[in-house]
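K.L.:
Attaching a single structure in structure tokens format; questions to follow.
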Amino acid sequence: MSRIVTLQQSIMAEDEKFAASIREANRKRGLLMVNIIGSPGCGKTTLLERTAKESGLSFAVIEGDLATNRDAERLDVLGIPVVQVNTRGGCHLEANVVEKAMESLPLDSLDILFVENVGNLVCPAEFDLGEDFKAAMLSTPEGADKPLKYPYLFSSSKIVLLTKTDLLPYLPFDMKMFTDDVKSLNPEAPVLHLNGLTGEGFGGWTDFLKDRIKEKTADAR
């Protein structure tokens, strides 16, 4: 008599091994790793450009996009070590790909490794890349209602960045709704308002990073 045997295993199980390997290697280095997640056009690359110009921190970037190396070119001009990863249709980066990309970067001389994930509020939030924390980004033109529509990203991130705040006078953006919804999902996460054109708010971002670096390097001792 034939039998049916059901085997269940997380489809992410194999990639989780790569994430654990990355996390342990970065712990030994004292290297902070940040996974930046947001929609296309929310200002992820602008955030990194501003961070390079104003923070005084040494960092590299793994750039995730479906196609082209345009974002990587913007960072390369500033002298930032960068590896472009094109997913060719994939909606997120995976830890095995990130670990391979890391081989081309001068990790031992860095304060931070940023991953600029593929533009998407859903899939990238669900995959562990071995990062220390996720940073959720939302631009004001996307609307104040997005945190509750995409709750996993906003609840699992260590910090929330609201970008393009220079457009607030021209948009029907309900700031109270946005703030209340984020706090209902993630009471501990700071919410920073950033203006990529003027640099307003970036001091809070760089201070946050420096505090996390201190914590990371202390853990490595």
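We name chains A, B, ... following the order of the structure tokens; residues begin at 1 in each chain, and ligands are numbered from 1 as shown.
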Can you pull out every residue from segment 35-97 of chain A that DSSP, working from the backbone, puts in alpha helix (DSSP H), and format the result as a list in words?
P.N.:
Lys44, Thr45, Thr46, Leu47, Leu48, Glu49, Arg50, Thr51, Ala52, Lys53, Glu54, Arg70, Asp71, Ala72, Glu73, Arg74, Leu75, Asp76, Ala95, Asn96 and Val97 of chain A
K.L.:
Would you output that residue set with N, CA, C and O atoms, as an mmCIF file, in the first residue's frame?
P.N.:
data_model
loop_
_atom_site.group_PDB
_atom_site.id
_atom_site.type_symbol
_atom_site.label_atom_id
_atom_site.label_comp_id
_atom_site.auth_asym_id
_atom_site.auth_seq_id
_atom_site.Cartn_x
_atom_site.Cartn_y
_atom_site.Cartn_z
ATOM 1 N N LYS A 44 16.299 56.366 -1.354
ATOM 2 C CA LYS A 44 17.295 55.506 -0.709
ATOM 3 C C LYS A 44 18.721 55.891 -1.110
ATOM 4 O O LYS A 44 19.605 55.997 -0.262
ATOM 5 N N THR A 45 18.934 56.085 -2.404
ATOM 6 C CA THR A 45 20.283 56.438 -2.858
ATOM 7 C C THR A 45 20.653 57.846 -2.411
ATOM 8 O O THR A 45 21.797 58.105 -2.025
ATOM 9 N N THR A 46 19.707 58.760 -2.417
ATOM 10 C CA THR A 46 19.951 60.114 -1.911
ATOM 11 C C THR A 46 20.339 60.078 -0.442
ATOM 12 O O THR A 46 21.220 60.823 0.005
ATOM 13 N N LEU A 47 19.689 59.213 0.328
ATOM 14 C CA LEU A 47 20.045 59.040 1.735
ATOM 15 C C LEU A 47 21.515 58.657 1.873
ATOM 16 O O LEU A 47 22.242 59.216 2.721
ATOM 17 N N LEU A 48 21.969 57.734 1.047
ATOM 18 C CA LEU A 48 23.354 57.280 1.129
ATOM 19 C C LEU A 48 24.322 58.366 0.661
ATOM 20 O O LEU A 48 25.412 58.520 1.235
ATOM 21 N N GLU A 49 23.953 59.115 -0.360
ATOM 22 C CA GLU A 49 24.799 60.225 -0.812
ATOM 23 C C GLU A 49 24.975 61.252 0.298
ATOM 24 O O GLU A 49 26.090 61.724 0.567
ATOM 25 N N ARG A 50 23.891 61.617 0.946
ATOM 26 C CA ARG A 50 23.939 62.582 2.041
ATOM 27 C C ARG A 50 24.735 62.035 3.221
ATOM 28 O O ARG A 50 25.492 62.762 3.874
ATOM 29 N N THR A 51 24.561 60.772 3.497
ATOM 30 C CA THR A 51 25.289 60.144 4.597
ATOM 31 C C THR A 51 26.789 60.195 4.334
ATOM 32 O O THR A 51 27.585 60.458 5.242
ATOM 33 N N ALA A 52 27.186 59.962 3.100
ATOM 34 C CA ALA A 52 28.602 60.018 2.733
ATOM 35 C C ALA A 52 29.168 61.419 2.913
ATOM 36 O O ALA A 52 30.299 61.600 3.374
ATOM 37 N N LYS A 53 28.376 62.421 2.576
ATOM 38 C CA LYS A 53 28.865 63.805 2.606
ATOM 39 C C LYS A 53 28.884 64.398 4.012
ATOM 40 O O LYS A 53 29.684 65.282 4.307
ATOM 41 N N GLU A 54 28.021 63.907 4.896
ATOM 42 C CA GLU A 54 27.819 64.605 6.168
ATOM 43 C C GLU A 54 28.172 63.803 7.410
ATOM 44 O O GLU A 54 28.312 64.382 8.486
ATOM 45 N N ARG A 70 22.743 52.364 -12.375
ATOM 46 C CA ARG A 70 22.702 53.818 -12.233
ATOM 47 C C ARG A 70 22.883 54.280 -10.792
ATOM 48 O O ARG A 70 23.570 55.271 -10.532
ATOM 49 N N ASP A 71 22.264 53.587 -9.847
ATOM 50 C CA ASP A 71 22.444 53.989 -8.447
ATOM 51 C C ASP A 71 23.877 53.746 -8.000
ATOM 52 O O ASP A 71 24.463 54.560 -7.276
ATOM 53 N N ALA A 72 24.450 52.629 -8.419
ATOM 54 C CA ALA A 72 25.842 52.344 -8.076
ATOM 55 C C ALA A 72 26.775 53.408 -8.647
ATOM 56 O O ALA A 72 27.748 53.815 -7.988
ATOM 57 N N GLU A 73 26.495 53.890 -9.836
ATOM 58 C CA GLU A 73 27.321 54.934 -10.447
ATOM 59 C C GLU A 73 27.274 56.222 -9.636
ATOM 60 O O GLU A 73 28.288 56.909 -9.482
ATOM 61 N N ARG A 74 26.112 56.553 -9.099
ATOM 62 C CA ARG A 74 25.983 57.757 -8.274
ATOM 63 C C ARG A 74 26.863 57.673 -7.031
ATOM 64 O O ARG A 74 27.462 58.668 -6.605
ATOM 65 N N LEU A 75 26.956 56.501 -6.445
ATOM 66 C CA LEU A 75 27.762 56.330 -5.243
ATOM 67 C C LEU A 75 29.245 56.221 -5.561
ATOM 68 O O LEU A 75 30.098 56.721 -4.823
ATOM 69 N N ASP A 76 29.554 55.597 -6.677
ATOM 70 C CA ASP A 76 30.945 55.440 -7.085
ATOM 71 C C ASP A 76 31.612 56.790 -7.299
ATOM 72 O O ASP A 76 32.802 56.964 -6.983
ATOM 73 N N ALA A 95 20.250 36.424 1.138
ATOM 74 C CA ALA A 95 21.493 36.415 1.904
ATOM 75 C C ALA A 95 22.640 35.756 1.157
ATOM 76 O O ALA A 95 23.792 36.177 1.266
ATOM 77 N N ASN A 96 22.358 34.707 0.387
ATOM 78 C CA ASN A 96 23.446 34.042 -0.338
ATOM 79 C C ASN A 96 24.072 34.966 -1.369
ATOM 80 O O ASN A 96 25.287 34.936 -1.588
ATOM 81 N N VAL A 97 23.250 35.818 -1.979
ATOM 82 C CA VAL A 97 23.756 36.783 -2.961
ATOM 83 C C VAL A 97 24.535 37.895 -2.261
ATOM 84 O O VAL A 97 25.592 38.331 -2.733
#
K.L.:
Got a sec: who's within 12 Å of Lys176 of chain A, counting only C-alpha atoms, leaving out chain neighbours fewer than 5 positions off, as a PDB file with all heavy atoms, in the first residue's frame?
P.N.:
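Final output, out_15.pdb:
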ATOM      1  N   ALA A 144       0.256  58.922   3.704  1.00  0.00           N
ATOM      2  CA  ALA A 144       0.422  58.649   5.131  1.00  0.00           C
ATOM      3  C   ALA A 144      -0.136  57.303   5.559  1.00  0.00           C
ATOM      4  O   ALA A 144       0.124  56.843   6.673  1.00  0.00           O
ATOM      5  CB  ALA A 144      -0.255  59.763   5.938  1.00  0.00           C
ATOM      6  N   ASP A 145      -0.908  56.660   4.703  1.00  0.00           N
ATOM      7  CA  ASP A 145      -1.595  55.425   5.095  1.00  0.00           C
ATOM      8  C   ASP A 145      -0.756  54.158   4.927  1.00  0.00           C
ATOM      9  O   ASP A 145      -1.207  53.057   5.254  1.00  0.00           O
ATOM     10  CB  ASP A 145      -2.886  55.273   4.283  1.00  0.00           C
ATOM     11  CG  ASP A 145      -2.644  55.225   2.776  1.00  0.00           C
ATOM     12  OD1 ASP A 145      -1.529  55.586   2.341  1.00  0.00           O
ATOM     13  OD2 ASP A 145      -3.565  54.846   2.036  1.00  0.00           O
ATOM     14  N   ASP A 181       0.134  55.682  13.412  1.00  0.00           N
ATOM     15  CA  ASP A 181       0.157  54.322  12.875  1.00  0.00           C
ATOM     16  C   ASP A 181       1.520  53.665  13.077  1.00  0.00           C
ATOM     17  O   ASP A 181       1.611  52.483  13.425  1.00  0.00           O
ATOM     18  CB  ASP A 181      -0.220  54.325  11.391  1.00  0.00           C
ATOM     19  CG  ASP A 181      -1.695  54.603  11.163  1.00  0.00           C
ATOM     20  OD1 ASP A 181      -2.459  54.633  12.148  1.00  0.00           O
ATOM     21  OD2 ASP A 181      -2.074  54.812   9.996  1.00  0.00           O
ATOM     22  N   VAL A 182       2.599  54.417  12.845  1.00  0.00           N
ATOM     23  CA  VAL A 182       3.929  53.859  13.065  1.00  0.00           C
ATOM     24  C   VAL A 182       4.111  53.479  14.527  1.00  0.00           C
ATOM     25  O   VAL A 182       4.600  52.390  14.851  1.00  0.00           O
ATOM     26  CB  VAL A 182       5.032  54.849  12.615  1.00  0.00           C
ATOM     27  CG1 VAL A 182       6.404  54.352  13.065  1.00  0.00           C
ATOM     28  CG2 VAL A 182       5.016  55.031  11.109  1.00  0.00           C
ATOM     29  N   LYS A 183       3.703  54.366  15.413  1.00  0.00           N
ATOM     30  CA  LYS A 183       3.862  54.100  16.845  1.00  0.00           C
ATOM     31  C   LYS A 183       3.007  52.919  17.308  1.00  0.00           C
ATOM     32  O   LYS A 183       3.381  52.192  18.227  1.00  0.00           O
ATOM     33  CB  LYS A 183       3.532  55.353  17.649  1.00  0.00           C
ATOM     34  CG  LYS A 183       4.558  56.467  17.502  1.00  0.00           C
ATOM     35  CD  LYS A 183       5.948  56.000  17.907  1.00  0.00           C
ATOM     36  CE  LYS A 183       6.999  57.090  17.752  1.00  0.00           C
ATOM     37  NZ  LYS A 183       8.368  56.579  18.039  1.00  0.00           N
ATOM     38  N   SER A 184       1.852  52.729  16.676  1.00  0.00           N
ATOM     39  CA  SER A 184       1.023  51.584  17.045  1.00  0.00           C
ATOM     40  C   SER A 184       1.670  50.268  16.636  1.00  0.00           C
ATOM     41  O   SER A 184       1.470  49.237  17.282  1.00  0.00           O
ATOM     42  CB  SER A 184      -0.369  51.709  16.401  1.00  0.00           C
ATOM     43  OG  SER A 184      -0.312  51.462  15.000  1.00  0.00           O
TER      44      SER A 184
END
K.L.:
Please return, as a VMD selection string, all residues of segment 10-184 of chain A that DSSP assigns to strand (DSSP E) on the basis of the backbone.
P.N.:
chain A and resid 32 to 38 59 to 65 82 to 86 112 to 116 133 to 139 159 to 163
K.L.:
If we count only C-alpha atoms and set the cut-off at 12 Å, which residues sit around Glu131 of chain A, ignoring sequence neighbours fewer than 2 positions away in its own chain? Please answer as a VMD selection string.
P.N.:
chain A and resid 16 18 to 27 31 to 37 94 to 95 98 to 99 112 to 117 125 127 to 129 133 to 135 157 to 158 216
K.L.:
May I ask which of the residues A:Ala218, A:Val85, A:Leu138, A:Val122 is the closest one to Ser104 of chain A, counting only C-alpha atoms?
P.N.:
A:Val85
